[in-house]
file target_2.csv (CSV, C-alpha atoms)
chain,number,residue,atom,x,y,z
A,458,MET,CA,-1.2,-8.1,48.0
A,459,ALA,CA,-4.6,-7.0,46.7
A,460,VAL,CA,-5.3,-3.3,46.3
A,461,THR,CA,-8.9,-2.0,46.6
A,462,TYR,CA,-10.1,1.4,45.3
A,463,THR,CA,-13.3,2.9,44.0
A,464,THR,CA,-14.4,4.6,40.8
A,465,THR,CA,-17.8,5.9,39.8
A,466,GLY,CA,-20.3,3.3,41.2
A,467,LEU,CA,-17.8,0.5,41.4
A,468,VAL,CA,-15.4,-1.1,43.8
A,469,LEU,CA,-12.3,-2.5,42.2
A,470,THR,CA,-9.7,-4.9,43.7
A,471,ASP,CA,-6.5,-5.6,41.8
A,472,HIS,CA,-4.9,-9.1,42.2
A,473,GLU,CA,-1.6,-10.3,40.8
A,474,LEU,CA,-0.4,-13.9,41.0
A,475,GLN,CA,2.9,-15.6,40.0
A,476,VAL,CA,2.2,-18.7,38.0
A,477,PRO,CA,4.3,-21.2,36.1
A,478,LEU,CA,5.0,-20.4,32.5
A,479,ASP,CA,4.6,-24.2,31.9
A,480,HIS,CA,2.1,-25.6,34.3
A,481,SER,CA,3.7,-29.1,33.9
A,482,LEU,CA,6.8,-27.5,35.6
A,483,PRO,CA,5.4,-25.8,38.7
A,484,ASP,CA,8.9,-24.9,39.9
A,485,GLY,CA,10.1,-23.6,36.6
A,486,GLU,CA,10.0,-20.1,35.1
A,487,GLN,CA,7.3,-17.9,36.6
A,488,ILE,CA,5.2,-15.1,35.0
A,489,ALA,CA,2.7,-12.7,36.5
A,490,VAL,CA,-1.0,-12.8,35.7
A,491,PHE,CA,-3.2,-9.9,36.7
A,492,ALA,CA,-6.9,-10.0,37.5
A,493,ARG,CA,-9.3,-7.2,38.5
A,494,GLU,CA,-12.3,-7.8,40.7
A,495,VAL,CA,-15.2,-5.6,39.9
A,496,ALA,CA,-18.2,-5.2,42.3
A,497,ASP,CA,-21.1,-3.0,43.1
A,498,PRO,CA,-20.5,-1.2,46.4
A,499,ASP,CA,-23.2,-3.4,48.0
A,500,GLY,CA,-22.2,-6.5,46.1
A,501,ARG,CA,-18.7,-7.3,47.3
A,502,ASP,CA,-19.8,-10.6,48.8
A,503,ARG,CA,-21.7,-11.8,45.8
A,504,PRO,CA,-20.5,-15.0,44.0
A,505,PHE,CA,-17.8,-14.6,41.4
A,506,LEU,CA,-18.3,-14.6,37.7
A,507,VAL,CA,-14.9,-14.9,35.8
A,508,PHE,CA,-14.8,-13.2,32.4
A,509,PHE,CA,-12.6,-14.7,29.7
A,510,GLN,CA,-11.9,-12.2,27.0
A,511,GLY,CA,-11.9,-12.9,23.3
A,512,GLY,CA,-8.7,-13.1,21.3
A,513,PRO,CA,-6.3,-14.8,21.9
A,514,GLY,CA,-3.9,-12.2,23.1
A,515,PHE,CA,-6.2,-9.4,24.4
A,516,GLU,CA,-6.6,-8.1,28.0
A,517,ALA,CA,-9.9,-7.8,29.8
A,518,PRO,CA,-11.9,-4.6,29.4
A,519,ARG,CA,-11.2,-1.7,31.7
A,520,PRO,CA,-14.4,-1.2,33.6
A,521,THR,CA,-16.3,2.1,34.0
A,522,ARG,CA,-19.8,3.0,35.2
A,523,GLY,CA,-21.9,5.1,33.0
A,524,PRO,CA,-23.0,5.3,29.4
A,525,THR,CA,-19.9,3.4,28.2
A,526,THR,CA,-20.4,0.5,30.6
A,527,PRO,CA,-20.8,-2.8,28.7
A,528,GLY,CA,-24.4,-4.0,29.0
A,529,TRP,CA,-23.2,-7.5,30.0
A,530,LEU,CA,-21.2,-6.0,32.9
A,531,GLU,CA,-24.2,-4.1,34.2
A,532,ARG,CA,-26.3,-7.2,34.1
A,533,ALA,CA,-23.6,-9.4,35.7
A,534,LEU,CA,-23.1,-7.0,38.6
A,535,ARG,CA,-26.8,-7.5,39.7
A,536,ASP,CA,-25.9,-11.1,40.7
A,537,TYR,CA,-22.1,-11.4,40.8
A,538,ARG,CA,-18.9,-9.7,41.4
A,539,VAL,CA,-16.8,-10.1,38.2
A,540,LEU,CA,-13.2,-11.2,38.0
A,541,MET,CA,-11.6,-9.9,34.8
A,542,LEU,CA,-8.4,-11.8,33.8
A,543,ASP,CA,-5.7,-10.1,31.8
A,544,GLN,CA,-4.7,-13.4,30.0
A,545,ARG,CA,-1.1,-14.2,30.2
A,546,GLY,CA,1.0,-11.9,28.0
A,547,THR,CA,-1.6,-9.1,27.9
A,548,GLY,CA,-2.4,-5.9,29.9
A,549,ARG,CA,-0.8,-5.9,33.3
A,550,SER,CA,0.2,-9.5,33.1
A,551,THR,CA,3.9,-10.2,32.2
A,552,PRO,CA,4.2,-8.9,28.6
A,553,ILE,CA,5.8,-10.8,25.8
A,554,GLY,CA,7.8,-7.7,24.8
A,555,HIS,CA,10.7,-8.9,26.9
A,556,LEU,CA,11.2,-12.0,24.7
A,557,ASP,CA,14.6,-12.3,23.3
A,558,GLY,CA,16.9,-15.0,22.0
A,559,GLU,CA,16.4,-17.2,19.0
A,560,SER,CA,13.0,-18.0,17.4
A,561,PRO,CA,12.9,-21.6,18.8
A,562,ARG,CA,13.0,-20.1,22.3
A,563,GLN,CA,10.2,-17.6,21.4
A,564,ALA,CA,8.1,-20.4,19.9
A,565,GLU,CA,8.5,-22.6,23.0
A,566,TYR,CA,7.6,-19.7,25.3
A,567,LEU,CA,4.5,-18.8,23.3
A,568,SER,CA,3.4,-22.5,23.1
A,569,HIS,CA,2.1,-21.9,26.7
A,570,PHE,CA,-0.4,-19.2,25.8
A,571,ARG,CA,-3.4,-21.3,24.7
A,572,ALA,CA,-6.7,-21.9,26.5
A,573,ASP,CA,-5.5,-24.8,28.6
A,574,SER,CA,-2.7,-22.6,30.2
A,575,ILE,CA,-5.2,-19.8,30.8
A,576,VAL,CA,-7.6,-22.1,32.5
A,577,ARG,CA,-4.9,-23.4,34.8
A,578,ASP,CA,-4.0,-19.8,35.7
A,579,ALA,CA,-7.7,-19.2,36.6
A,580,GLU,CA,-7.6,-22.3,38.9
A,581,LEU,CA,-4.6,-20.9,40.7
A,582,PHE,CA,-6.5,-17.7,41.2
A,583,ARG,CA,-9.5,-19.7,42.5
A,584,ALA,CA,-7.3,-21.4,45.1
A,585,ALA,CA,-5.6,-18.1,46.1
A,586,LEU,CA,-9.0,-16.4,46.6
A,587,GLU,CA,-10.3,-19.4,48.5
A,588,VAL,CA,-13.3,-19.8,46.3
A,589,ASP,CA,-15.1,-23.2,46.3
A,590,THR,CA,-16.7,-22.8,42.9
A,591,TRP,CA,-17.4,-19.9,40.6
A,592,SER,CA,-19.3,-19.1,37.4
A,593,VAL,CA,-17.5,-18.3,34.1
A,594,LEU,CA,-18.4,-16.2,31.0
A,595,GLY,CA,-16.4,-16.6,27.8
A,596,GLN,CA,-16.7,-14.5,24.7
A,597,SER,CA,-15.3,-15.9,21.4
A,598,PHE,CA,-11.9,-17.3,22.2
A,599,GLY,CA,-13.0,-17.0,25.8
A,600,GLY,CA,-15.6,-19.6,25.0
A,601,PHE,CA,-12.7,-21.9,24.0
A,602,CYS,CA,-11.3,-21.3,27.5
A,603,VAL,CA,-14.6,-22.1,29.1
A,604,THR,CA,-14.9,-25.4,27.2
A,605,SER,CA,-11.3,-26.2,28.2
A,606,TYR,CA,-12.3,-25.4,31.8
A,607,LEU,CA,-15.1,-27.9,31.6
A,608,SER,CA,-12.6,-30.5,30.3
A,609,LEU,CA,-9.8,-29.8,32.8
A,610,ALA,CA,-11.4,-28.6,36.0
A,611,PRO,CA,-15.2,-28.8,36.1
A,612,GLU,CA,-15.1,-29.2,39.8
A,613,GLY,CA,-14.3,-25.5,40.0
A,614,LEU,CA,-17.4,-24.4,38.2
A,615,ARG,CA,-20.9,-23.5,39.3
A,616,GLN,CA,-22.2,-22.3,35.9
A,617,ALA,CA,-20.7,-21.6,32.5
A,618,PHE,CA,-21.8,-19.1,29.9
A,619,ILE,CA,-20.5,-18.8,26.3
A,620,THR,CA,-21.2,-16.2,23.6
A,621,GLY,CA,-20.0,-16.8,20.1
A,622,GLY,CA,-17.3,-19.3,21.1
A,623,VAL,CA,-18.4,-22.9,21.4
A,624,PRO,CA,-15.5,-24.8,19.7
A,625,PRO,CA,-15.6,-28.0,17.6
A,626,LEU,CA,-14.0,-31.0,19.4
A,627,GLY,CA,-11.1,-32.9,17.8
A,628,MET,CA,-11.9,-31.5,14.3
A,629,PRO,CA,-9.1,-31.1,11.7
A,630,VAL,CA,-8.3,-27.4,11.6
A,631,ASP,CA,-8.7,-27.4,7.8
A,632,ASP,CA,-12.4,-28.2,8.2
A,633,VAL,CA,-12.7,-25.3,10.5
A,634,TYR,CA,-11.2,-22.8,7.9
A,635,ARG,CA,-13.2,-24.2,5.0
A,636,ALA,CA,-16.3,-23.5,6.9
A,637,THR,CA,-15.3,-20.0,7.8
A,638,TYR,CA,-14.5,-19.2,4.2
A,639,ALA,CA,-18.0,-20.4,3.2
A,640,ARG,CA,-19.6,-18.2,5.9
A,641,ILE,CA,-17.6,-15.1,5.2
A,642,ARG,CA,-18.3,-15.5,1.5
A,643,ASP,CA,-22.1,-15.4,2.3
A,644,LEU,CA,-21.6,-12.2,4.3
A,645,VAL,CA,-19.5,-10.6,1.5
A,646,GLU,CA,-22.2,-11.3,-1.1
A,647,ARG,CA,-24.8,-10.0,1.3
A,648,PHE,CA,-22.8,-6.8,1.7
A,649,TYR,CA,-22.6,-6.3,-2.1
A,650,ARG,CA,-26.3,-6.8,-2.5
A,651,ARG,CA,-26.9,-4.2,0.1
A,652,PHE,CA,-24.3,-1.8,-1.4
A,653,PRO,CA,-24.1,-2.8,-5.1
A,654,ASP,CA,-21.6,0.0,-6.1
A,655,ASP,CA,-19.1,-1.1,-3.5
A,656,ARG,CA,-18.0,-4.2,-5.5
A,657,ALA,CA,-16.5,-2.0,-8.2
A,658,ARG,CA,-14.9,0.3,-5.6
A,659,VAL,CA,-13.2,-2.7,-4.0
A,660,TRP,CA,-11.9,-3.9,-7.4
A,661,THR,CA,-10.6,-0.4,-8.3
A,662,ILE,CA,-8.9,0.1,-4.9
A,663,HIS,CA,-7.3,-3.4,-5.1
A,664,GLU,CA,-5.9,-2.7,-8.5
A,665,TRP,CA,-4.5,0.7,-7.4
A,666,LEU,CA,-2.8,-0.9,-4.4
A,667,GLU,CA,-1.3,-3.6,-6.5
A,668,THR,CA,0.3,-1.0,-8.9
A,669,GLU,CA,1.2,1.8,-6.5
A,670,ASP,CA,3.3,1.9,-3.4
A,671,VAL,CA,0.6,3.2,-1.0
A,672,ARG,CA,1.7,3.8,2.5
A,673,LEU,CA,-0.4,3.8,5.7
A,674,PRO,CA,0.2,6.3,8.5
A,675,SER,CA,2.4,3.7,10.2
A,676,GLY,CA,4.7,3.5,7.2
A,677,ASP,CA,3.6,0.0,6.2
A,678,ARG,CA,2.6,-0.5,2.6
A,679,LEU,CA,-1.1,-1.1,2.1
A,680,THR,CA,-1.1,-4.1,-0.2
A,681,GLY,CA,-4.1,-5.5,-2.0
A,682,ARG,CA,-4.1,-8.7,0.1
A,683,ARG,CA,-4.0,-6.7,3.3
A,684,PHE,CA,-6.8,-4.6,2.1
A,685,ARG,CA,-9.0,-7.7,1.4
A,686,THR,CA,-8.8,-8.6,5.1
A,687,LEU,CA,-11.3,-5.8,5.8
A,688,GLY,CA,-13.9,-8.5,5.3
A,689,ASN,CA,-13.2,-9.2,9.0
A,690,LEU,CA,-15.5,-6.3,9.7
A,691,LEU,CA,-18.5,-8.2,8.3
A,692,GLY,CA,-18.5,-10.5,11.3
A,693,MET,CA,-19.6,-7.6,13.5
A,694,SER,CA,-23.1,-6.1,13.9
A,695,ASP,CA,-22.1,-2.7,12.5
A,696,GLY,CA,-19.4,-3.9,10.3
A,697,ALA,CA,-21.2,-3.6,6.9
A,698,GLU,CA,-21.8,0.1,7.6
A,699,ARG,CA,-18.3,0.7,8.7
A,700,LEU,CA,-16.8,-0.9,5.6
A,701,HIS,CA,-19.2,1.0,3.3
A,702,TYR,CA,-18.3,4.3,4.9
A,703,LEU,CA,-14.6,3.6,4.4
A,704,LEU,CA,-15.1,2.7,0.7
A,705,GLU,CA,-17.1,5.8,0.0
A,706,LEU,CA,-14.0,8.0,0.9
A,707,PRO,CA,-11.6,9.1,-1.9
A,708,ALA,CA,-9.1,6.2,-1.9
A,709,ALA,CA,-6.0,8.4,-2.1
A,710,SER,CA,-7.1,10.7,0.8
A,711,ARG,CA,-5.5,10.8,4.2
A,712,ALA,CA,-8.9,10.1,5.7
A,713,PHE,CA,-9.2,6.8,3.7
A,714,LEU,CA,-5.7,5.6,4.7
A,715,HIS,CA,-6.1,6.6,8.3
A,716,ASP,CA,-9.5,4.9,8.6
A,717,ALA,CA,-8.3,1.8,6.7
A,718,GLU,CA,-5.4,1.3,9.1
A,719,ALA,CA,-7.7,1.7,12.1
A,720,LEU,CA,-10.2,-0.9,10.7
A,721,LEU,CA,-7.6,-3.5,9.6
A,722,MET,CA,-6.8,-6.2,12.1
A,723,PRO,CA,-4.5,-4.7,14.8
A,724,PHE,CA,-1.3,-6.6,15.4
A,725,ALA,CA,1.2,-3.9,16.6
A,726,ARG,CA,-0.2,-3.7,20.1
A,727,ASN,CA,-1.1,-7.4,20.5
A,728,PRO,CA,1.1,-9.7,18.3
A,729,ILE,CA,0.0,-12.8,20.3
A,730,TYR,CA,-3.2,-12.8,18.3
A,731,ALA,CA,-1.4,-13.3,15.0
A,732,LEU,CA,1.1,-15.8,16.5
A,733,ILE,CA,-1.3,-18.3,18.1
A,734,HIS,CA,-4.7,-17.5,16.5
A,735,GLU,CA,-4.6,-20.7,14.4
A,736,ALA,CA,-3.2,-22.7,17.2
A,737,SER,CA,-6.2,-21.8,19.4
A,738,TRP,CA,-8.2,-24.0,17.0
A,739,ALA,CA,-5.7,-26.9,17.1
A,740,ASP,CA,-7.3,-29.7,19.2
A,741,GLY,CA,-4.6,-32.2,18.7
A,742,CYS,CA,-2.9,-31.3,15.4
A,743,ALA,CA,-0.5,-28.9,13.6
A,744,THR,CA,-2.1,-26.0,11.7
A,745,ARG,CA,0.6,-25.6,9.0
A,746,TRP,CA,-1.0,-22.2,7.9
A,747,SER,CA,-4.4,-23.8,7.4
A,748,ALA,CA,-6.1,-20.5,6.3
A,749,GLN,CA,-3.6,-20.1,3.5
A,750,ARG,CA,-3.8,-23.8,2.4
A,751,THR,CA,-7.6,-23.8,2.3
A,752,LEU,CA,-8.0,-20.5,0.6
A,753,PRO,CA,-10.7,-21.1,-2.1
A,754,ALA,CA,-9.4,-21.2,-5.7
A,755,ASP,CA,-11.7,-18.4,-6.9
A,756,TYR,CA,-10.1,-15.9,-4.4
A,757,ALA,CA,-7.2,-15.8,-6.8
A,758,VAL,CA,-9.5,-14.7,-9.6
A,759,ASP,CA,-12.1,-12.5,-7.9
A,760,VAL,CA,-10.3,-9.9,-5.8
A,761,THR,CA,-13.6,-8.5,-4.5
A,762,LEU,CA,-13.9,-11.6,-2.3
A,763,LEU,CA,-12.8,-10.5,1.1
A,764,THR,CA,-11.3,-12.6,3.8
A,765,GLY,CA,-12.4,-12.8,7.4
A,766,GLU,CA,-10.6,-13.7,10.6
A,767,HIS,CA,-7.9,-15.5,8.7
A,768,LEU,CA,-4.2,-15.4,9.4
A,769,PHE,CA,-1.6,-15.8,6.6
A,770,PRO,CA,2.2,-16.2,6.4
A,771,TRP,CA,2.4,-13.0,4.3
A,772,MET,CA,1.2,-11.0,7.2
A,773,PHE,CA,4.6,-11.4,8.7
A,774,GLU,CA,6.0,-9.5,5.7
A,775,ASP,CA,3.3,-6.8,5.2
A,776,TYR,CA,2.9,-5.9,8.8
A,777,GLY,CA,6.1,-4.2,10.1
A,778,ALA,CA,5.2,-5.0,13.7
A,779,LEU,CA,5.0,-8.8,12.9
A,780,ALA,CA,8.2,-9.0,10.8
A,781,PRO,CA,10.4,-9.8,13.9
A,782,PHE,CA,8.2,-12.9,14.6
A,783,ARG,CA,8.3,-14.4,11.1
A,784,GLU,CA,10.4,-17.4,11.9
A,785,THR,CA,8.7,-17.9,15.3
A,786,ALA,CA,5.3,-18.0,13.5
A,787,THR,CA,6.6,-20.6,11.1
A,788,LEU,CA,7.8,-22.8,14.0
A,789,LEU,CA,4.4,-22.5,15.7
A,790,ALA,CA,2.6,-23.4,12.5
A,791,GLU,CA,4.5,-26.6,12.3
A,792,ARG,CA,4.1,-27.5,16.0
A,793,GLU,CA,2.0,-30.6,16.8
A,794,TRP,CA,-0.4,-29.3,19.5
A,795,PRO,CA,-1.9,-31.4,22.3
A,796,ARG,CA,-5.6,-31.8,22.8
A,797,LEU,CA,-7.5,-28.9,24.4
A,798,TYR,CA,-10.7,-30.8,25.2
A,799,ASP,CA,-11.6,-34.1,26.7
A,800,GLU,CA,-14.8,-35.5,25.0
A,801,GLU,CA,-15.2,-38.3,27.6
A,802,ARG,CA,-15.3,-35.8,30.4
A,803,LEU,CA,-17.6,-33.5,28.5
A,804,ARG,CA,-20.0,-36.3,27.8
A,805,HIS,CA,-20.5,-36.6,31.6
A,806,ASN,CA,-20.7,-32.8,32.2
A,807,GLU,CA,-22.8,-31.8,35.3
A,808,VAL,CA,-22.1,-28.1,35.2
A,809,PRO,CA,-25.0,-26.0,33.8
A,810,VAL,CA,-23.9,-24.5,30.6
A,811,ALA,CA,-25.7,-21.9,28.4
A,812,ALA,CA,-24.4,-20.6,25.1
A,813,ALA,CA,-25.5,-18.0,22.6
A,814,ILE,CA,-24.7,-19.5,19.2
A,815,TYR,CA,-24.9,-17.1,16.2
A,816,ALA,CA,-26.3,-18.6,13.1
A,817,ASP,CA,-24.4,-16.3,10.7
A,818,ASP,CA,-21.2,-16.1,12.7
A,819,PRO,CA,-18.3,-16.2,10.2
A,820,PHE,CA,-15.7,-16.9,12.8
A,821,VAL,CA,-17.1,-19.8,14.8
A,822,ASP,CA,-19.4,-22.0,12.7
A,823,ALA,CA,-22.8,-22.6,14.3
A,824,ARG,CA,-23.0,-26.1,13.0
A,825,PHE,CA,-19.9,-27.2,14.8
A,826,SER,CA,-21.0,-25.4,18.0
A,827,LEU,CA,-24.3,-27.2,18.0
A,828,ASP,CA,-22.5,-30.5,17.6
A,829,THR,CA,-20.5,-29.8,20.7
A,830,ALA,CA,-23.6,-28.7,22.5
A,831,ALA,CA,-25.3,-32.0,21.6
A,832,LEU,CA,-22.5,-34.0,23.1
A,833,MET,CA,-22.8,-32.4,26.5
A,834,PRO,CA,-25.6,-33.0,29.0
A,835,ASN,CA,-26.8,-30.0,30.9
A,836,PHE,CA,-25.9,-27.8,27.9
A,837,HIS,CA,-28.6,-25.2,26.9
A,838,PRO,CA,-27.9,-23.7,23.4
A,839,TRP,CA,-29.6,-20.6,22.2
A,840,LEU,CA,-29.3,-20.5,18.4
A,841,THR,CA,-30.1,-17.0,17.0
A,842,ASN,CA,-29.6,-14.9,13.9
A,843,GLU,CA,-30.3,-11.7,15.7
A,844,TYR,CA,-26.6,-11.1,16.3
A,845,LEU,CA,-23.2,-11.5,14.7
A,846,HIS,CA,-20.0,-12.4,16.5
A,847,ASN,CA,-20.0,-9.3,18.7
A,848,GLY,CA,-23.4,-9.9,20.2
A,849,LEU,CA,-22.1,-9.6,23.8
A,850,ARG,CA,-20.8,-6.1,23.0
A,851,ALA,CA,-23.9,-5.1,21.0
A,852,ASP,CA,-26.6,-6.3,23.4
A,853,GLY,CA,-24.8,-7.8,26.3
A,854,GLY,CA,-27.4,-7.2,29.0
A,855,ARG,CA,-30.1,-9.1,27.1
A,856,ILE,CA,-27.8,-11.9,26.0
A,857,LEU,CA,-26.3,-12.6,29.4
A,858,GLY,CA,-29.7,-12.3,31.1
A,859,ARG,CA,-31.0,-14.9,28.7
A,860,LEU,CA,-28.1,-17.3,29.4
A,861,ILE,CA,-28.5,-16.9,33.1
A,862,ASP,CA,-32.2,-17.8,32.8
A,863,LEU,CA,-31.3,-20.8,30.7
A,864,THR,CA,-29.2,-22.2,33.5
A,865,GLY,CA,-32.0,-21.8,36.0
A,866,GLY,CA,-31.5,-18.3,37.2
A,867,HIS,CA,-28.8,-16.4,39.1
A,868,ALA,CA,-26.1,-18.0,41.1
call {"tool": "encode", "arguments": {"input": "target_2.csv", "output": "structure tokens"}}
result
Amino acid sequence: MAVTYTTTGLVLTDHELQVPLDHSLPDGEQIAVFAREVADPDGRDRPFLVFFQGGPGFEAPRPTRGPTTPGWLERALRDYRVLMLDQRGTGRSTPIGHLDGESPRQAEYLSHFRADSIVRDAELFRAALEVDTWSVLGQSFGGFCVTSYLSLAPEGLRQAFITGGVPPLGMPVDDVYRATYARIRDLVERFYRRFPDDRARVWTIHEWLETEDVRLPSGDRLTGRRFRTLGNLLGMSDGAERLHYLLELPAASRAFLHDAEALLMPFARNPIYALIHEASWADGCATRWSAQRTLPADYAVDVTLLTGEHLFPWMFEDYGALAPFRETATLLAEREWPRLYDEERLRHNEVPVAAAIYADDPFVDARFSLDTAALMPNFHPWLTNEYLHNGLRADGGRILGRLIDLTGGHA
């Protein structure tokens, strides 16, 4: 039963739905999926905009009204009420923490957590709320969900908006990772041109970590290879500054170790991200640890080359929170994944789609996104180098407003 309450300037309604773990077995094991409806007090009858969070494996934002309100939400509420899904396994949806049994059981369970399952969850919510059609907004991995939605159930959509998340279609996953390495390398070199002394600092810190047993506040060892994943920050609008301010701290200080752990990719709270991140790219193939296999040869020589949003098998050794999932991750890496997208259906798309495609995005290559956009009629791409991957968070009001205009105005 839906529960409605108010917070500062917002009316919130909580919804929970029981859905099949495996949508091909509607009478099989069930899990709960939670969604929160967010509306202006005078906008409770406005059309729905469903928000698909980035990830995979992260719940929707918790809405507030005030200085911390995301700009995209402020803009959205002028025309819509927003439905924020806690994607399966996250937030108030059934958590994966209850998983027990052997690794094959865990791998089979987690195989149902990709974009196609999330879209089918959304369709069950649409039926339960008796909505004819609604609009959708997907950030990053959420854009993969939107593209899957356009493939699986376009009849449920009125408009579609994507930011930093238009996926390639049917592409070998190795091609994806080779492209992301090239893009992150460009950003790393740009970083060192901006902060020329930091290259030597990175080399010195890496050598220290390789020769000493340095422990993070969590108790995990900070290895050199884990330290290099801080290149992930360079995909964000303020990431270069955040990385520089970390590197200027004395490396052996508590401040450095505390801040380093806070800036490294977080897996303890949301292990789904590590377990199916590569699988979220797999449009009809196995990944077989693609990021590890496609790691450029010079990364073995030049330790100042940082990695980006790449997942490696060694993470299930260096991260204590991931160690229990090591065998499960291996099984998922060997799994032959079904297709996520239907090119034939996308070629005949009638849903107005607008996407912000970031020219320098190191996580979702702009060239591949533009190829997908070119395939689909009624697709309005906005290619820009004004933002990096977190554009929706950095300037969401402007970006969402532009996308709404590109589709012909509000709903």
call {"tool": "closest_residue", "arguments": {"input": "target_2.csv", "among": "A:Ala813, A:Arg640, A:Asn689, A:Ala564", "to": "Asp852 of chain A", "atoms": "all atoms listed in the file"}}
result
A:Ala813
call {"tool": "atom_distance", "arguments": {"input": "target_2.csv", "atom1": "atom CA of Ala731 of chain A", "atom2": "atom CA of Asp643 of chain A"}}
result
24.4 Å
call {"tool": "residues_around", "arguments": {"input": "target_2.csv", "residues": "Ile662 of chain A", "least_positions_apart": "3", "cutoff": "8 Å", "atoms": "all atoms listed in the file", "output": "ChimeraX atom specification"}}
result
/A:658-659,665-666,681,708
call {"tool": "closest_atom_pairs", "arguments": {"input": "target_2.csv", "of": "segment 710-818 of chain A", "to": "segment 835-851 of chain A", "cutoff": "10 Å", "atoms": "all atoms listed in the file", "output": "CSV"}}
result
residue,atom,partner,partner_atom,distance
A:Arg804,CA,A:Asn835,CA,9.8
A:His805,CA,A:Asn835,CA,9.2
A:Asn806,CA,A:Asn835,CA,6.8
A:Glu807,CA,A:Asn835,CA,6.2
A:Val808,CA,A:Asn835,CA,6.6
A:Pro809,CA,A:Asn835,CA,5.3
A:Val810,CA,A:Phe836,CA,4.7
A:Ala811,CA,A:His837,CA,4.6
A:Ala812,CA,A:Pro838,CA,5.0
A:Ala813,CA,A:Trp839,CA,4.9
A:Ile814,CA,A:Leu840,CA,4.8
A:Tyr815,CA,A:Thr841,CA,5.3
A:Ala816,CA,A:Asn842,CA,5.0
A:Asp817,CA,A:Asn842,CA,6.3
A:Asp818,CA,A:Leu845,CA,5.4
call {"tool": "write_last_selection", "arguments": {"input": "target_2.csv", "atoms": "C-alpha atoms", "output": "mmCIF file, keeping the file's coordinate frame"}}
result
data_model
loop_
_atom_site.group_PDB
_atom_site.id
_atom_site.type_symbol
_atom_site.label_atom_id
_atom_site.label_comp_id
_atom_site.auth_asym_id
_atom_site.auth_seq_id
_atom_site.Cartn_x
_atom_site.Cartn_y
_atom_site.Cartn_z
ATOM 1 C CA ARG A 804 -20.000 -36.300 27.800
ATOM 2 C CA HIS A 805 -20.500 -36.600 31.600
ATOM 3 C CA ASN A 806 -20.700 -32.800 32.200
ATOM 4 C CA GLU A 807 -22.800 -31.800 35.300
ATOM 5 C CA VAL A 808 -22.100 -28.100 35.200
ATOM 6 C CA PRO A 809 -25.000 -26.000 33.800
ATOM 7 C CA VAL A 810 -23.900 -24.500 30.600
ATOM 8 C CA ALA A 811 -25.700 -21.900 28.400
ATOM 9 C CA ALA A 812 -24.400 -20.600 25.100
ATOM 10 C CA ALA A 813 -25.500 -18.000 22.600
ATOM 11 C CA ILE A 814 -24.700 -19.500 19.200
ATOM 12 C CA TYR A 815 -24.900 -17.100 16.200
ATOM 13 C CA ALA A 816 -26.300 -18.600 13.100
ATOM 14 C CA ASP A 817 -24.400 -16.300 10.700
ATOM 15 C CA ASP A 818 -21.200 -16.100 12.700
#
call {"tool": "residues_around", "arguments": {"input": "target_2.csv", "residues": "segment 619-630 of chain A", "least_positions_apart": "4", "cutoff": "7 Å", "atoms": "all atoms listed in the file", "output": "ChimeraX atom specification"}}
result
/A:594-601,634,738-741,744,747,798,811-815,821,825-826,829,846,849
call {"tool": "closest_residue", "arguments": {"input": "target_2.csv", "among": "A:Val760, A:Val603, A:Ala736, A:Leu673", "to": "Arg656 of chain A", "atoms": "only C-alpha atoms"}}
result
A:Val760
call {"tool": "atom_distance", "arguments": {"input": "target_2.csv", "atom1": "atom CA of Val476 of chain A", "atom2": "atom CA of Leu581 of chain A"}}
result
7.6 Å
call {"tool": "atom_distance", "arguments": {"input": "target_2.csv", "atom1": "atom CA of Arg711 of chain A", "atom2": "atom CA of Arg672 of chain A"}}
result
10.2 Å
call {"tool": "residues_around", "arguments": {"input": "target_2.csv", "residues": "Leu720 of chain A", "least_positions_apart": "3", "cutoff": "12 Å", "atoms": "all atoms listed in the file", "output": "PyMOL selection string"}}
result
chain A and resi 673+683-691+693+696-697+699-704+713-717+723-724
call {"tool": "closest_residue", "arguments": {"input": "target_2.csv", "among": "A:Glu698, A:Ile641, A:Asn727, A:Leu721", "to": "Thr764 of chain A", "atoms": "only C-alpha atoms"}}
result
A:Ile641
call {"tool": "closest_residue", "arguments": {"input": "target_2.csv", "among": "A:Trp746, A:Phe618, A:Phe769, A:Phe782", "to": "Ala725 of chain A", "atoms": "all atoms listed in the file"}}
result
A:Phe782
